[in-house]
Amino acid sequence: MTSPTGEVYRIDWLPGTDILHGTCHCGREHTSQDPIEMWEWMLAHPQGHEPQGNEPRGNSS
(Lines give C-alpha, C1' and ligand atoms only; values in the text may rest on other atoms or scores of the structure.)
Protein backbone atom coordinates (compact mmCIF):
# COMPACT_ATOMS: atom_id res chain seq x y z
CA MET A 1 0.00 0.00 0.00
CA THR A 2 1.26 3.49 -0.82
CA SER A 3 -0.05 6.46 1.13
CA PRO A 4 -0.69 9.96 -0.30
CA THR A 5 2.66 11.01 1.21
CA GLY A 6 4.53 8.34 -0.76
CA GLU A 7 5.17 6.09 2.24
CA VAL A 8 5.25 2.38 1.39
CA TYR A 9 3.81 -0.23 3.73
CA ARG A 10 4.44 -3.89 2.95
CA ILE A 11 2.80 -6.99 4.38
CA ASP A 12 3.87 -10.44 3.22
CA TRP A 13 2.27 -13.75 4.08
CA LEU A 14 4.82 -16.37 5.11
CA PRO A 15 3.85 -19.45 3.02
CA GLY A 16 3.01 -22.56 5.00
CA THR A 17 2.10 -20.52 8.09
CA ASP A 18 -0.63 -18.23 9.38
CA ILE A 19 1.94 -15.50 9.97
CA LEU A 20 2.05 -12.08 8.32
CA HIS A 21 5.33 -10.16 8.15
CA GLY A 22 5.03 -6.39 7.87
CA THR A 23 7.62 -3.76 7.02
CA CYS A 24 6.82 -0.13 7.79
CA HIS A 25 8.10 2.74 5.67
CA CYS A 26 10.53 3.50 8.52
CA GLY A 27 12.14 0.07 8.20
CA ARG A 28 10.75 -1.49 11.37
CA GLU A 29 9.42 -5.03 11.03
CA HIS A 30 6.60 -6.82 12.82
CA THR A 31 4.92 -10.22 12.64
CA SER A 32 1.36 -11.15 13.54
CA GLN A 33 -1.31 -13.72 12.75
CA ASP A 34 -4.02 -11.04 12.87
CA PRO A 35 -4.27 -8.81 9.78
CA ILE A 36 -6.19 -6.13 11.69
CA GLU A 37 -3.51 -5.96 14.38
CA MET A 38 -0.85 -5.74 11.66
CA TRP A 39 -2.49 -2.75 9.95
CA GLU A 40 -3.12 -1.03 13.29
CA TRP A 41 0.60 -1.42 14.10
CA MET A 42 1.60 0.01 10.72
CA LEU A 43 -0.80 2.94 10.76
CA ALA A 44 0.06 3.84 14.38
CA HIS A 45 3.58 4.88 13.28
CA PRO A 46 5.68 5.84 15.20
CA GLN A 47 3.87 4.30 18.21
CA GLY A 48 4.92 0.70 18.66
CA HIS A 49 8.00 1.22 16.53
CA GLU A 50 10.44 1.53 19.41
CA PRO A 51 13.65 -0.50 19.04
CA GLN A 52 13.44 -4.04 20.39
CA GLY A 53 17.20 -4.46 20.77
CA ASN A 54 18.00 -4.61 17.07
CA GLU A 55 18.44 -1.77 14.66
CA PRO A 56 15.90 -1.65 11.80
CA ARG A 57 16.78 -2.52 8.26
CA GLY A 58 16.75 0.51 6.00
CA ASN A 59 16.07 4.07 7.12
CA SER A 60 14.40 4.91 10.39
CA SER A 61 12.27 7.98 11.08
# chains A, B, ... in the order shown; residues from 1 in each chain; ligands from 1

call {"tool": "residues_around", "arguments": {"residues": "A:Asp34", "least_positions_apart": "6", "cutoff": "10 Å", "atoms": "only C-alpha atoms", "output": "PyMOL selection string"}}
result
chain A and resi 18-20

call {"tool": "write_last_selection", "arguments": {"atoms": "C-alpha atoms", "output": "CSV table (one decimal), in the first residue's frame"}}
result
chain,number,residue,atom,x,y,z
A,18,ASP,CA,-0.6,-18.2,9.4
A,19,ILE,CA,1.9,-15.5,10.0
A,20,LEU,CA,2.1,-12.1,8.3

call {"tool": "atom_distance", "arguments": {"atom1": "atom CA of A:Thr17", "atom2": "atom CA of A:His45"}}
result
26.0 Å

call {"tool": "residues_around", "arguments": {"residues": "A:Ile36", "least_positions_apart": "6", "cutoff": "12 Å", "atoms": "only C-alpha atoms", "output": "list in words"}}
result
Ile11, Leu20, Gly22, Met42 and Leu43 of chain A

call {"tool": "atom_distance", "arguments": {"atom1": "atom CA of A:Glu40", "atom2": "atom CA of A:Cys26"}}
result
15.2 Å
